[in-house]
>>> print(open('my_file_23.txt').read())   # compact mmCIF, C-alpha atoms
# COMPACT_ATOMS: atom_id res chain seq x y z
CA MET A 206 57.33 132.17 52.22
CA LEU A 207 59.45 134.64 54.15
CA GLN A 208 59.18 134.31 57.93
CA LEU A 209 60.04 137.39 59.99
CA ASP A 210 60.34 137.91 63.73
CA PHE A 211 61.07 141.42 64.97
CA SER A 212 60.25 140.61 68.62
CA SER A 213 63.88 141.07 69.66
CA PHE A 214 64.50 144.41 68.01
CA PRO A 215 68.05 144.58 66.62
CA GLU A 216 70.18 147.63 67.33
CA ILE A 217 72.71 148.16 64.56
CA GLU A 218 75.97 150.12 64.75
CA THR A 219 78.13 151.61 62.05
CA SER A 220 81.37 153.52 62.48
CA ARG A 221 79.48 156.60 63.66
CA LEU A 222 75.78 155.69 63.90
CA LEU A 223 73.51 153.74 66.18
CA LEU A 224 70.27 152.56 64.60
CA ARG A 225 67.90 151.89 67.47
CA ARG A 226 64.19 151.46 68.11
CA ILE A 227 62.05 154.59 67.87
CA THR A 228 60.38 155.42 71.19
CA LYS A 229 57.78 157.86 72.51
CA ARG A 230 60.57 160.25 73.58
CA ASP A 231 61.39 160.70 69.87
CA ALA A 232 57.98 162.31 69.20
CA PRO A 233 59.30 165.91 69.05
CA GLU A 234 61.90 165.00 66.41
CA ILE A 235 59.36 162.91 64.46
CA LEU A 236 56.99 165.89 64.56
CA PHE A 237 59.69 168.16 63.16
CA LEU A 238 60.57 165.76 60.34
CA ARG A 239 56.98 164.97 59.38
CA SER A 240 55.83 168.62 59.52
CA SER A 241 58.80 170.29 57.81
CA ASN A 242 58.03 171.46 54.29
CA GLU A 243 61.74 171.14 53.46
CA VAL A 244 61.99 167.54 54.68
CA MET A 245 58.58 166.50 53.30
CA GLN A 246 59.07 168.28 49.96
CA TYR A 247 59.12 165.01 47.98
CA ILE A 248 56.95 162.93 50.29
CA ASP A 249 53.30 163.10 49.38
CA ARG A 250 51.75 162.44 52.76
CA GLU A 251 49.77 164.63 55.10
CA ARG A 252 52.01 166.75 57.30
CA ALA A 253 52.04 166.12 61.04
CA LYS A 254 50.43 168.96 62.95
CA SER A 255 50.92 167.96 66.59
CA LEU A 256 52.84 165.74 68.98
CA GLY A 257 49.74 163.54 68.90
CA ASP A 258 50.22 163.04 65.15
CA ALA A 259 53.87 162.13 65.77
CA GLN A 260 52.85 159.70 68.50
CA ASP A 261 50.28 158.14 66.17
CA TYR A 262 53.06 157.60 63.63
CA ILE A 263 55.26 155.97 66.30
CA ASN A 264 52.30 153.74 67.27
CA LYS A 265 51.96 152.73 63.60
CA ILE A 266 55.68 151.84 63.54
CA ASP A 267 55.28 149.80 66.74
CA ALA A 268 52.28 147.94 65.30
CA GLY A 269 54.29 147.04 62.19
CA ILE A 270 57.09 145.67 64.35
CA GLN A 271 54.68 143.74 66.58
CA ASN A 272 52.93 142.21 63.55
CA ASN A 273 56.22 141.56 61.69
CA ASP A 274 54.92 143.73 58.84
CA GLY A 275 57.59 146.42 59.00
CA ILE A 276 60.59 147.62 60.97
CA MET A 277 61.88 151.15 61.42
CA TRP A 278 65.02 152.41 63.14
CA ALA A 279 65.88 155.79 64.64
CA ILE A 280 69.08 157.16 63.12
CA THR A 281 71.27 158.49 65.93
CA PHE A 282 74.96 159.15 66.48
CA LEU A 283 76.85 156.60 68.59
CA ASN A 284 77.95 159.36 70.94
CA LYS A 285 74.38 160.81 71.18
CA PRO A 286 72.03 157.81 70.99
CA GLY A 287 69.17 159.71 72.63
CA LYS A 288 68.89 162.28 69.81
CA LEU A 289 66.96 161.06 66.75
CA ILE A 290 68.25 162.80 63.60
CA GLY A 291 66.23 160.70 61.17
CA TYR A 292 64.74 157.31 60.60
CA ILE A 293 65.03 154.45 58.14
CA GLY A 294 63.33 151.13 57.70
CA TYR A 295 61.25 148.62 55.78
CA TRP A 296 57.54 148.49 55.21
CA ARG A 297 55.28 147.03 52.57
CA ILE A 298 57.03 143.72 53.09
CA VAL A 299 55.74 141.29 50.46
CA LYS A 300 56.63 138.04 52.18
CA GLU A 301 55.68 135.72 49.32
CA HIS A 302 58.11 137.60 47.05
CA TYR A 303 60.90 138.19 49.62
CA ARG A 304 60.76 141.92 48.87
CA ALA A 305 60.30 145.04 50.99
CA GLU A 306 60.24 148.77 50.42
CA ILE A 307 62.81 150.89 52.20
CA GLY A 308 62.21 154.47 53.22
CA TYR A 309 64.22 157.09 55.05
CA MET A 310 64.11 160.63 56.30
CA LEU A 311 66.89 162.80 57.74
CA HIS A 312 66.98 166.17 59.48
CA PRO A 313 68.28 168.80 57.00
CA ASP A 314 71.10 169.80 59.38
CA TYR A 315 72.66 166.41 58.53
CA TRP A 316 72.10 166.27 54.77
CA ARG A 317 75.10 165.71 52.46
CA GLN A 318 77.24 164.10 55.18
CA GLY A 319 76.91 160.48 54.05
CA ILE A 320 74.69 159.55 56.99
CA THR A 321 71.78 158.13 55.00
CA LYS A 322 74.17 156.24 52.72
CA GLU A 323 75.89 154.70 55.74
CA ALA A 324 72.54 153.64 57.19
CA LEU A 325 71.28 152.35 53.82
CA ILE A 326 74.29 150.12 53.30
CA VAL A 327 74.11 148.51 56.73
CA LEU A 328 70.34 148.03 56.47
CA ALA A 329 70.64 146.50 53.00
CA ASP A 330 73.11 144.01 54.50
CA TYR A 331 70.66 143.39 57.35
CA ALA A 332 67.77 142.84 54.91
CA PHE A 333 69.66 140.34 52.78
CA ASN A 334 71.49 138.48 55.54
CA ASN A 335 69.05 138.59 58.47
CA MET A 336 65.60 139.19 56.99
CA LYS A 337 66.50 136.97 54.00
CA LEU A 338 65.02 139.38 51.46
CA HIS A 339 65.73 138.79 47.79
CA SER A 340 65.19 142.41 46.73
CA ILE A 341 64.68 145.85 48.20
CA GLU A 342 62.46 148.46 46.60
CA ALA A 343 62.60 152.24 46.91
CA ASN A 344 59.72 154.45 45.78
CA VAL A 345 61.03 157.90 44.76
CA ASN A 346 59.45 161.14 43.63
CA PRO A 347 61.02 161.77 40.18
CA SER A 348 61.91 165.33 41.25
CA ASN A 349 64.03 164.05 44.13
CA ALA A 350 67.36 163.80 42.30
CA ALA A 351 69.33 163.58 45.56
CA SER A 352 67.49 160.45 46.69
CA ALA A 353 67.76 158.83 43.24
CA SER A 354 71.50 159.56 43.16
CA LEU A 355 71.96 158.17 46.67
CA LEU A 356 70.19 154.93 45.77
CA GLU A 357 72.18 154.53 42.56
CA SER A 358 75.43 155.10 44.48
CA ILE A 359 74.94 151.87 46.41
CA GLY A 360 73.71 149.77 43.50
CA PHE A 361 69.97 150.38 43.20
CA VAL A 362 68.76 150.38 39.61
CA LYS A 363 65.78 152.15 38.11
CA GLU A 364 63.14 149.51 37.60
CA ALA A 365 60.07 151.51 36.55
CA TYR A 366 58.64 154.96 35.95
CA PHE A 367 54.92 155.14 36.63
CA LYS A 368 53.06 158.09 35.12
CA GLU A 369 50.41 159.68 37.35
CA ASP A 370 50.05 156.47 39.34
CA TYR A 371 48.77 157.98 42.58
CA TYR A 372 46.58 160.84 43.70
CA PHE A 373 47.49 163.21 46.52
CA ASN A 374 46.40 166.69 47.48
CA GLY A 375 44.29 167.30 44.39
CA ALA A 376 46.76 166.08 41.77
CA PHE A 377 48.13 162.92 40.16
CA HIS A 378 51.84 162.26 40.65
CA ASP A 379 54.53 160.14 38.99
CA THR A 380 56.66 157.56 40.78
CA LEU A 381 60.14 156.13 40.16
CA ILE A 382 60.75 152.61 41.44
CA TYR A 383 64.29 151.51 42.23
CA SER A 384 65.38 148.04 43.30
CA LEU A 385 68.44 146.39 44.74
CA LEU A 386 69.57 142.77 44.67
CA GLN A 387 72.21 141.54 47.11
CA LYS A 388 74.72 140.87 44.33
CA ASN A 389 74.50 144.53 43.24
CA LEU A 390 75.03 146.15 46.66
CA LEU A 391 77.98 148.55 46.64
CA ARG A 392 79.41 149.04 50.12
CA LYS A 393 81.45 152.22 49.55
>>> encode(input="my_file_23.txt", output="structure tokens")
Amino acid sequence: MLQLDFSSFPEIETSRLLLRRITKRDAPEILFLRSSNEVMQYIDRERAKSLGDAQDYINKIDAGIQNNDGIMWAITFLNKPGKLIGYIGYWRIVKEHYRAEIGYMLHPDYWRQGITKEALIVLADYAFNNMKLHSIEANVNPSNAASASLLESIGFVKEAYFKEDYYFNGAFHDTLIYSLLQKNLLRK
């Protein structure tokens, strides 16, 4: 079974990004992301309403790291590491199957600049080489063509389409499941 230890949190650099641990000082940016109708358009979760809600979310991230159940990074620029512009990470880690779900969110001012793709590629490498995952899963709203296209651009393949498989806000919703194996990762 997969053994994980996130006690020494890894900072990861790319050519222009620093992926670092999310801290309490990131609460205002987390609040913006998790309360923005534009950002949350395809994410069927309750919207954050206060800094307290954002702090609760950060506490949930910290608990996942402490329990080795999940790991989430702040997406920042190397030259501005204090300013969170998004986040990305793994949760729903199924240790007996060496599989985890990846999720990400980015401030709309930075959309369509290749930032999420850059972070996805380096975190896929991290998952396969450091976490020793066999596969990575992404759960996508079928209406989110941009996210589906992004995943496909680095080698994710559509694995399943679930019809009305979850209930949120008074309605049933569909889900697309994508997966990535190490041998299929495209690094460009």
>>> closest_residue(input="my_file_23.txt", among="A:Glu369, A:Glu323, A:Glu251, A:Asp261", to="A:Asp231", atoms="only C-alpha atoms")
A:Asp261
>>> closest_residue(input="my_file_23.txt", among="A:Ile382, A:Ala332, A:Ala279, A:Ile227", to="A:Leu356", atoms="all atoms listed in the file")
A:Ile382
>>> atom_distance(input="my_file_23.txt", atom1="atom CA of A:Asp314", atom2="atom CA of A:Trp278")
18.8 Å
>>> residues_around(input="my_file_23.txt", residues="A:Tyr262", least_positions_apart="3", cutoff="9 Å", atoms="all atoms listed in the file", output="PyMOL selection string")
chain A and resi 232+235+253+257-259+265-267
>>> residues_around(input="my_file_23.txt", residues="A:Leu355", least_positions_apart="6", cutoff="9 Å", atoms="only C-alpha atoms", output="ChimeraX atom specification")
/A:321-322,361
>>> closest_residue(input="my_file_23.txt", among="A:Leu238, A:Ile270, A:Met336, A:Met277", to="A:Ile290", atoms="all atoms listed in the file")
A:Leu238
>>> residues_around(input="my_file_23.txt", residues="A:Glu342", least_positions_apart="2", cutoff="10 Å", atoms="only C-alpha atoms", output="compact mmCIF listing (two decimals) with C-alpha atoms, in the frame of the given file")
# COMPACT_ATOMS: atom_id res chain seq x y z
CA TYR A 295 61.25 148.62 55.78
CA TRP A 296 57.54 148.49 55.21
CA ARG A 297 55.28 147.03 52.57
CA ILE A 298 57.03 143.72 53.09
CA ARG A 304 60.76 141.92 48.87
CA ALA A 305 60.30 145.04 50.99
CA GLU A 306 60.24 148.77 50.42
CA ILE A 307 62.81 150.89 52.20
CA GLY A 308 62.21 154.47 53.22
CA SER A 340 65.19 142.41 46.73
CA ASN A 344 59.72 154.45 45.78
CA VAL A 345 61.03 157.90 44.76
CA PHE A 361 69.97 150.38 43.20
CA VAL A 362 68.76 150.38 39.61
CA LYS A 363 65.78 152.15 38.11
CA GLU A 364 63.14 149.51 37.60
CA ILE A 382 60.75 152.61 41.44
CA TYR A 383 64.29 151.51 42.23
CA SER A 384 65.38 148.04 43.30
CA LEU A 385 68.44 146.39 44.74
CA LEU A 386 69.57 142.77 44.67
